[in-house]
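What's in model_18.csv: CSV, C-alpha atoms
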chain,number,residue,atom,x,y,z
G,1,MET,CA,-54.4,-7.4,40.0
G,2,LYS,CA,-54.4,-4.9,37.2
G,3,ILE,CA,-56.6,-2.6,39.3
G,4,LYS,CA,-54.3,-2.8,42.3
G,5,ILE,CA,-51.3,-2.0,40.2
G,6,GLY,CA,-53.1,1.0,38.6
G,7,LEU,CA,-54.0,2.3,42.0
G,8,LEU,CA,-50.4,1.9,43.2
G,9,VAL,CA,-49.1,3.8,40.3
G,10,LEU,CA,-51.6,6.6,40.8
G,11,ILE,CA,-50.7,6.8,44.5
G,12,ILE,CA,-47.0,7.0,43.7
G,13,MET,CA,-47.6,9.7,41.0
G,14,LEU,CA,-49.9,12.0,42.8
G,15,PRO,CA,-47.5,13.3,45.5
G,16,GLY,CA,-44.9,14.0,42.8
G,17,LEU,CA,-47.5,16.0,40.9
G,18,PHE,CA,-48.5,18.1,43.8
G,19,ILE,CA,-44.9,18.7,44.9
G,20,GLY,CA,-43.9,19.6,41.3
G,21,ALA,CA,-46.7,22.2,41.1
G,22,LYS,CA,-45.7,23.8,44.4
G,23,VAL,CA,-42.1,24.0,43.5
G,24,TYR,CA,-43.0,25.5,40.1
G,25,ALA,CA,-45.1,28.2,41.7
G,26,ASP,CA,-42.7,29.0,44.6
G,27,ASP,CA,-39.4,28.9,42.7
G,28,SER,CA,-40.4,30.4,39.4
G,29,PHE,CA,-42.7,33.3,40.2
G,30,LEU,CA,-43.0,36.2,42.6
G,31,VAL,CA,-46.8,36.5,43.1
G,32,TYR,CA,-48.4,39.5,44.9
G,33,LYS,CA,-52.2,39.8,45.3
G,34,ALA,CA,-53.7,43.2,46.0
G,35,ASP,CA,-57.1,43.6,47.7
G,36,LEU,CA,-58.4,47.0,46.4
G,37,GLN,CA,-61.0,47.2,49.2
G,38,LYS,CA,-58.2,47.1,51.8
G,39,GLN,CA,-55.1,48.4,50.0
G,40,ASP,CA,-54.3,51.6,48.2
G,41,LEU,CA,-53.0,50.7,44.8
G,42,LYS,CA,-52.1,53.6,42.4
G,43,LEU,CA,-50.0,54.3,39.3
G,44,TYR,CA,-47.1,56.7,39.6
G,45,TRP,CA,-45.0,58.4,36.8
G,46,LYS,CA,-43.7,61.8,38.0
G,47,ASN,CA,-43.3,63.6,41.3
G,48,ASN,CA,-44.7,67.1,42.2
G,49,LYS,CA,-41.6,68.7,40.5
G,50,ASP,CA,-42.6,67.0,37.2
G,51,GLU,CA,-39.6,64.7,37.4
G,52,ASN,CA,-39.8,61.0,36.5
G,53,PHE,CA,-39.5,58.7,39.4
G,54,GLY,CA,-37.7,56.2,37.2
G,55,SER,CA,-36.6,53.7,39.8
G,56,ILE,CA,-38.5,52.0,42.6
G,57,GLN,CA,-36.0,53.5,45.0
G,58,ASN,CA,-36.8,57.0,44.0
G,59,LEU,CA,-40.5,56.3,44.4
G,60,LYS,CA,-39.9,54.7,47.8
G,61,LEU,CA,-37.9,57.8,49.1
G,62,TRP,CA,-40.6,60.1,47.8
G,63,ILE,CA,-43.4,58.1,49.4
G,64,GLU,CA,-41.5,58.0,52.8
G,65,LYS,CA,-40.9,61.7,52.6
G,66,ASN,CA,-44.7,62.1,52.3
G,67,LYS,CA,-45.2,60.1,55.5
G,68,MET,CA,-46.2,56.9,53.8
G,69,THR,CA,-44.8,53.4,53.7
G,70,LEU,CA,-44.2,51.5,50.4
G,71,LYS,CA,-45.7,48.0,50.7
G,72,PHE,CA,-45.4,46.9,47.1
G,73,ALA,CA,-44.1,48.3,43.8
G,74,MET,CA,-43.6,46.9,40.2
G,75,ASN,CA,-42.9,48.5,36.9
G,76,GLY,CA,-46.0,49.1,34.8
G,77,GLY,CA,-46.6,49.2,31.1
G,78,MET,CA,-43.9,49.8,28.4
G,79,TYR,CA,-42.3,53.1,28.0
G,80,LYS,CA,-40.4,55.2,25.4
G,81,LYS,CA,-36.8,56.3,25.4
G,82,ASP,CA,-37.6,59.4,27.4
G,83,ASN,CA,-39.4,57.2,30.0
G,84,SER,CA,-42.8,58.5,28.9
G,85,PRO,CA,-45.6,55.9,28.9
G,86,GLN,CA,-46.1,54.0,25.6
G,87,GLY,CA,-49.8,54.2,25.0
G,88,LEU,CA,-52.6,55.3,27.2
G,89,TYR,CA,-51.8,56.6,30.7
G,90,ILE,CA,-54.4,58.0,33.0
G,91,GLU,CA,-53.6,59.4,36.4
G,92,LYS,CA,-56.2,60.9,38.9
G,93,GLN,CA,-58.8,60.8,36.0
G,94,LYS,CA,-56.6,62.9,33.7
G,95,VAL,CA,-55.5,61.5,30.4
G,96,LEU,CA,-51.8,62.3,30.3
G,97,VAL,CA,-51.0,60.1,27.2
G,98,ALA,CA,-53.6,59.1,24.6
G,99,LEU,CA,-54.5,55.5,23.6
G,100,ASP,CA,-52.2,54.0,21.0
G,101,THR,CA,-54.0,52.1,18.3
G,102,LEU,CA,-51.2,52.0,15.7
G,103,LYS,CA,-50.2,48.8,13.9
G,104,VAL,CA,-46.5,48.4,14.3
G,105,SER,CA,-44.2,45.5,15.1
G,106,GLY,CA,-43.0,44.6,18.6
G,107,ASN,CA,-44.5,43.1,21.8
G,108,PHE,CA,-46.6,46.2,22.7
G,109,TYR,CA,-48.3,46.0,19.3
G,110,LEU,CA,-48.9,42.2,19.2
G,111,LYS,CA,-52.7,42.3,18.8
G,112,PRO,CA,-54.7,42.2,20.9
G,113,ASN,CA,-52.8,44.4,23.3
G,114,GLY,CA,-54.7,45.9,26.2
G,115,VAL,CA,-55.3,48.3,29.1
G,116,PHE,CA,-55.3,47.8,32.8
G,117,TYR,CA,-57.5,50.3,34.6
G,118,LEU,CA,-58.8,51.3,38.1
G,119,THR,CA,-62.1,53.0,38.5
G,120,THR,CA,-63.0,55.7,41.1
G,121,LYS,CA,-65.0,52.9,42.9
G,122,ARG,CA,-61.8,50.9,43.3
G,123,ILE,CA,-62.7,48.3,40.7
G,124,ALA,CA,-59.9,46.9,38.5
G,125,GLY,CA,-60.2,45.7,35.0
G,126,ILE,CA,-58.2,44.6,32.0
G,127,CYS,CA,-59.6,44.8,28.5
G,128,LYS,CA,-58.5,44.7,24.9
G,129,THR,CA,-57.4,48.1,23.6
G,130,GLU,CA,-60.3,48.2,21.1
G,131,ASP,CA,-62.8,47.6,23.9
G,132,PHE,CA,-61.5,50.3,26.2
G,133,ARG,CA,-63.9,53.2,26.9
G,134,ASN,CA,-63.2,56.1,29.2
G,135,ASP,CA,-66.5,57.1,30.8
G,136,GLY,CA,-64.8,59.7,33.0
G,137,LYS,CA,-64.7,57.3,36.0
G,138,ILE,CA,-61.3,55.8,35.2
G,139,GLU,CA,-59.0,57.0,37.9
G,140,TYR,CA,-55.8,55.2,36.7
G,141,ALA,CA,-54.9,53.3,33.5
G,142,THR,CA,-51.9,52.0,31.7
G,143,GLN,CA,-51.7,50.4,28.2
G,144,SER,CA,-49.3,47.6,27.4
G,145,GLY,CA,-49.2,44.5,25.3
G,146,PRO,CA,-49.7,41.9,24.4
G,147,MET,CA,-52.7,40.5,26.3
G,148,LEU,CA,-51.7,37.3,28.0
G,149,VAL,CA,-55.2,35.9,28.7
G,150,ILE,CA,-58.3,37.1,26.8
G,151,ASP,CA,-61.7,36.0,28.1
G,152,GLY,CA,-60.2,32.9,29.7
G,153,LYS,CA,-58.1,31.9,26.6
G,154,ILE,CA,-54.3,32.2,26.0
G,155,HIS,CA,-53.3,34.8,23.4
G,156,PRO,CA,-53.7,33.0,20.0
G,157,ASP,CA,-50.2,34.0,18.8
G,158,PHE,CA,-48.4,32.3,21.7
G,159,THR,CA,-46.6,29.0,20.8
G,160,LYS,CA,-46.3,26.2,23.3
G,161,GLY,CA,-42.7,25.2,23.7
G,162,SER,CA,-41.4,28.5,22.2
G,163,SER,CA,-37.7,29.2,22.7
G,164,ASN,CA,-38.4,32.9,23.1
G,165,LEU,CA,-37.4,33.0,26.8
G,166,ASN,CA,-37.1,36.1,29.0
G,167,ILE,CA,-37.8,37.4,32.4
G,168,ARG,CA,-41.4,38.8,32.3
G,169,ASN,CA,-43.9,40.6,34.5
G,170,GLY,CA,-47.6,41.0,34.1
G,171,VAL,CA,-50.9,41.7,35.9
G,172,GLY,CA,-54.2,39.9,36.0
G,173,ILE,CA,-57.6,40.0,37.6
G,174,LEU,CA,-58.6,37.1,39.9
G,175,PRO,CA,-62.1,35.7,40.1
G,176,ASP,CA,-62.7,37.5,43.4
G,177,GLY,CA,-61.7,40.9,41.9
G,178,LYS,CA,-58.3,41.1,43.5
G,179,VAL,CA,-55.4,42.2,41.3
G,180,VAL,CA,-52.5,39.7,40.9
G,181,PHE,CA,-49.0,40.8,39.9
G,182,VAL,CA,-46.6,38.2,38.7
G,183,LEU,CA,-42.8,38.4,38.0
G,184,SER,CA,-41.0,35.4,36.6
G,185,LYS,CA,-37.9,34.7,38.6
G,186,LYS,CA,-36.6,32.7,35.7
G,187,GLU,CA,-36.7,33.1,31.9
G,188,ILE,CA,-40.0,31.9,30.5
G,189,ASN,CA,-41.8,32.0,27.2
G,190,PHE,CA,-45.1,33.9,26.6
G,191,TYR,CA,-47.2,30.7,26.4
G,192,ASP,CA,-46.1,29.4,29.8
G,193,PHE,CA,-46.3,32.8,31.4
G,194,ALA,CA,-49.9,33.2,30.2
G,195,SER,CA,-50.7,29.7,31.3
G,196,TYR,CA,-49.7,30.5,34.8
G,197,PHE,CA,-52.1,33.4,34.9
G,198,LYS,CA,-54.8,31.1,33.6
G,199,SER,CA,-54.0,28.6,36.3
G,200,LEU,CA,-54.7,31.3,38.9
G,201,GLY,CA,-58.2,31.7,37.4
G,202,CYS,CA,-57.6,35.0,35.6
G,203,LYS,CA,-60.0,35.6,32.8
G,204,ASN,CA,-57.9,38.5,31.6
G,205,ALA,CA,-54.2,39.2,32.1
G,206,LEU,CA,-51.8,41.8,30.5
G,207,TYR,CA,-48.1,41.6,29.8
G,208,LEU,CA,-46.2,44.5,31.2
G,209,ASP,CA,-42.5,44.2,30.3
G,210,GLY,CA,-39.5,42.0,29.9
G,211,PHE,CA,-35.9,41.5,31.2
G,212,VAL,CA,-35.9,45.0,32.8
G,213,SER,CA,-38.8,44.1,35.1
G,214,ARG,CA,-38.4,44.7,38.8
G,215,ALA,CA,-40.6,44.3,41.9
G,216,TYR,CA,-40.5,45.4,45.5
G,217,ALA,CA,-42.5,43.1,47.9
G,218,PRO,CA,-40.9,42.9,51.4
G,219,SER,CA,-43.8,40.7,52.5
G,220,GLU,CA,-42.6,38.1,50.0
G,221,ASN,CA,-38.9,38.7,50.9
G,222,TRP,CA,-38.4,40.2,47.4
G,223,ILE,CA,-36.5,43.5,47.3
G,224,GLN,CA,-35.6,45.2,44.0
G,225,THR,CA,-35.4,48.9,44.0
G,226,ASP,CA,-33.3,49.7,40.9
G,227,GLY,CA,-34.4,50.3,37.3
G,228,ASN,CA,-35.2,53.3,35.1
G,229,PHE,CA,-38.9,53.0,34.2
G,230,GLY,CA,-41.9,55.0,33.0
G,231,VAL,CA,-45.0,54.1,35.0
G,232,LEU,CA,-44.9,52.3,38.3
G,233,PHE,CA,-47.5,50.4,40.2
G,234,ALA,CA,-47.4,51.0,44.0
G,235,ILE,CA,-49.3,50.2,47.1
G,236,THR,CA,-48.8,52.5,50.1
G,237,GLU,CA,-49.9,52.9,53.7
G,238,LYS,CA,-50.0,55.9,55.8
G,239,LYS,CA,-47.4,55.9,58.6
G,240,ASN,CA,-48.7,55.7,62.1
G,241,ASN,CA,-47.7,58.8,64.1

Any chance you could give the structure as structure tokens?
Amino acid sequence: MKIKIGLLVLIIMLPGLFIGAKVYADDSFLVYKADLQKQDLKLYWKNNKDENFGSIQNLKLWIEKNKMTLKFAMNGGMYKKDNSPQGLYIEKQKVLVALDTLKVSGNFYLKPNGVFYLTTKRIAGICKTEDFRNDGKIEYATQSGPMLVIDGKIHPDFTKGSSNLNIRNGVGILPDGKVVFVLSKKEINFYDFASYFKSLGCKNALYLDGFVSRAYAPSENWIQTDGNFGVLFAITEKKNN
């Protein structure tokens, strides 16, 4: 009788667990996975007139003017008051802003912070700032912080149950090499945000920014084109004539 009761409880509980997990993923996060072998992911900061794009809308208009279609966009690493990137920024293999190794307070400097990069062979990576090496084959890179997941472990300074809640966005690398972008639809603490990346299988993930975060993902029925950012991630396609 005890065994039958135990099985009955388990059967009753399991559907609820699966439903809860699905609701949590669907309702709490925008998730966009980018296949670098099929999609053209790049980082953007300024247009050809040396003007900041600033908003996703400005980038979208510029991309369309250049006979392309914007498929996805999200704000990148943190930025300064003049909208210049805070920390390392590499575009088309050129280092436009140097790596920042200072020890100061704030999310960006919560060690370890890290770097997201794309190589000329279309391979994405995320590493701790102290581990980053530019071998001349880094096509794009943006520095931010803190790291969310480090070698499969949640950042040691994050506290489970923390009341430090905010809208957050970040980027991670999936086991198959795809890049996953996540934007919380609801306020969330660092520990839970990092835990979500870990649940996706990310060995390394990087925090990008907080309440200002925006994303444009029409395939996911998520359209945000405002904002005033520094660096932007974007995936484009050439328009068919």

Per residue of stretch 27-141 of chain G within 8 Å of stretch 169-174 of chain G, what are the shortest atom pair and its distance in Å to one decimal, counting all atoms listed in the file, with rows by chain and residue number, as JSON lines?
{"residue": "G:Ala124", "atom": "CA", "partner": "G:Ile173", "partner_atom": "CA", "distance": 7.3}
{"residue": "G:Gly125", "atom": "CA", "partner": "G:Ile173", "partner_atom": "CA", "distance": 6.8}
{"residue": "G:Ile126", "atom": "CA", "partner": "G:Ile173", "partner_atom": "CA", "distance": 7.3}

Task: Closest of G:Ala73, G:Pro175, G:Asn166, G:Ile150 to G:Tyr216 - atom-to-atom distances counting all atoms listed in the file - done: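 Looking at the shortest contact to G:Tyr216, the residue is G:Ala73.
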
Task: Distance query 10 Å from (-47.6, 51.4, 49.9) using all atoms listed in the file, result as JSON, numbers by chain - done: {"G": [39, 40, 41, 42, 60, 63, 64, 68, 69, 70, 71, 72, 73, 217, 233, 234, 235, 236, 237, 238, 239]}

Open item on the list: Show me the residues close to (-47.2, 45.2, 18.7) - anything with an atom within 12 Å, counting all atoms listed in the file - and format the list as a ChimeraX atom specification.
Closed with: /G:78,86-87,100-114,129,143-147,157,207

TODO: Work out how far apart atom CA of G:Phe197 and atom CA of G:Val180 are and give it in Å to one decimal.
DONE: 8.7 Å

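Among the candidates G:Tyr191, G:Pro156, G:Asn47, G:Leu88, the residue lying nearest to G:Phe132 is G:Leu88 (atoms considered: only C-alpha atoms).
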
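We find atom CA of G:Thr119 and atom CA of G:Val97 to be spaced 17.4 Å apart.
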
Open item on the list: One decimal, in Å: what's the spacing between atom CA of G:Leu30 and atom CA of G:Asn83?
Closed with: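 Pair atom CA of G:Leu30 / atom CA of G:Asn83 returns 24.8 Å.
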
Task: For G:Ala215, the nearest of the candidates G:Lys94, G:Arg168, G:His155, G:Lys46, counting all atoms listed in the file - done: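 Residue with the minimum atom-to-atom distance to G:Ala215: G:Arg168.
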
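For G:Ser55, the set of protein, DNA and RNA residues having any atom at most 7 Å away, when counting all atoms listed in the file and skipping those fewer than 2 positions along the same chain, is Phe53, Gln57, Asn58, Leu59, Thr225, Asp226, Gly227, Asn228 and Phe229 of chain G.
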
Open item on the list: Measuring between all atoms listed in the file, which one of G:Arg214, G:Lys49, G:Lys38, G:Lys160 shows the shortest distance to G:Ser184?
Closed with: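 Of all the options, G:Arg214 lies closest to G:Ser184.
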
- [ ] Can you work out which one of G:Val115, G:Val231, G:Phe211, G:Leu206 has the shortest atom-to-atom distance to G:Glu91, counting all atoms listed in the file?
- [x] G:Val231

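For G:Tyr89, the residues within 10 Å (counting only C-alpha atoms, excluding itself and residues fewer than 6 positions away along the chain) are G:Leu43, G:Trp45, G:Gly77, G:Val95, G:Leu96, G:Val97, G:Ala98, G:Leu99, G:Val115, G:Phe116, G:Tyr117, G:Tyr140, G:Ala141, G:Thr142, G:Gln143, G:Ser144, G:Val231.
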
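Compared by their closest atoms to G:Lys203, and using only C-alpha atoms, the residues G:Asp176, G:Glu187, G:Asp27, G:Glu220 rank with G:Asp176 nearest.
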
TODO: Name all residues at most 6 Å from G:Leu232 (count all atoms listed in the file; drop same-chain ones fewer than 4 positions away) and give them as a list in words.
DONE: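 Contacts, in chain order: Leu43, Tyr44, Met74, Asn75 and Gly76 of chain G.
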
Residues from last step as file, C-alpha atoms, as a compact mmCIF listing (two decimals), in the frame of the given file:
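Everything below was put into selection.txt:
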# COMPACT_ATOMS: atom_id res chain seq x y z
CA LEU G 43 -50.00 54.30 39.30
CA TYR G 44 -47.10 56.70 39.60
CA MET G 74 -43.60 46.90 40.20
CA ASN G 75 -42.90 48.50 36.90
CA GLY G 76 -46.00 49.10 34.80

Task: Who sits within 8 Å of G:Thr120, all atoms listed in the file, same chain under 3 positions skipped, as a PyMOL selection string - done: chain G and resi 123+137-139

Selection above as a file: C-alpha atoms, as a compact mmCIF listing (two decimals), in the frame of the given file:
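Final output, selection_27.txt:
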# COMPACT_ATOMS: atom_id res chain seq x y z
CA ILE G 123 -62.70 48.30 40.70
CA LYS G 137 -64.70 57.30 36.00
CA ILE G 138 -61.30 55.80 35.20
CA GLU G 139 -59.00 57.00 37.90

Could you please fill out stretch 26-38 of chain G with N, CA, C and O atoms and send it back as a tab-separated table (two decimals), in the coordinates of the input?
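The file below, out.tsv, is the result:
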chain	number	residue	atom	x	y	z
G	26	ASP	N	-43.55	28.35	43.61
G	26	ASP	CA	-42.70	29.00	44.60
G	26	ASP	C	-41.37	29.48	43.99
G	26	ASP	O	-40.88	30.57	44.27
G	27	ASP	N	-40.77	28.63	43.18
G	27	ASP	CA	-39.40	28.90	42.70
G	27	ASP	C	-39.39	29.72	41.42
G	27	ASP	O	-38.38	30.33	41.11
G	28	SER	N	-40.47	29.72	40.67
G	28	SER	CA	-40.40	30.40	39.40
G	28	SER	C	-41.07	31.73	39.30
G	28	SER	O	-40.80	32.49	38.38
G	29	PHE	N	-41.93	32.07	40.26
G	29	PHE	CA	-42.70	33.30	40.20
G	29	PHE	C	-42.73	34.05	41.54
G	29	PHE	O	-42.85	33.43	42.59
G	30	LEU	N	-42.64	35.36	41.45
G	30	LEU	CA	-43.00	36.20	42.60
G	30	LEU	C	-44.52	36.54	42.32
G	30	LEU	O	-44.86	37.04	41.24
G	31	VAL	N	-45.37	36.27	43.27
G	31	VAL	CA	-46.80	36.50	43.10
G	31	VAL	C	-47.27	37.43	44.26
G	31	VAL	O	-47.05	37.14	45.43
G	32	TYR	N	-47.91	38.52	43.89
G	32	TYR	CA	-48.40	39.50	44.90
G	32	TYR	C	-49.89	39.77	44.55
G	32	TYR	O	-50.20	40.23	43.45
G	33	LYS	N	-50.78	39.50	45.52
G	33	LYS	CA	-52.20	39.80	45.30
G	33	LYS	C	-52.64	40.99	46.09
G	33	LYS	O	-52.35	41.11	47.28
G	34	ALA	N	-53.31	41.90	45.40
G	34	ALA	CA	-53.70	43.20	46.00
G	34	ALA	C	-55.25	43.21	46.16
G	34	ALA	O	-55.98	43.02	45.17
G	35	ASP	N	-55.70	43.47	47.37
G	35	ASP	CA	-57.10	43.60	47.70
G	35	ASP	C	-57.46	45.11	47.63
G	35	ASP	O	-57.09	45.86	48.54
G	36	LEU	N	-58.14	45.56	46.60
G	36	LEU	CA	-58.40	47.00	46.40
G	36	LEU	C	-59.34	47.57	47.44
G	36	LEU	O	-59.42	48.79	47.59
G	37	GLN	N	-60.05	46.72	48.15
G	37	GLN	CA	-61.00	47.20	49.20
G	37	GLN	C	-60.19	47.50	50.49
G	37	GLN	O	-60.69	48.18	51.37
G	38	LYS	N	-58.97	46.98	50.57
G	38	LYS	CA	-58.20	47.10	51.80
G	38	LYS	C	-56.84	47.84	51.52
G	38	LYS	O	-56.21	48.36	52.45
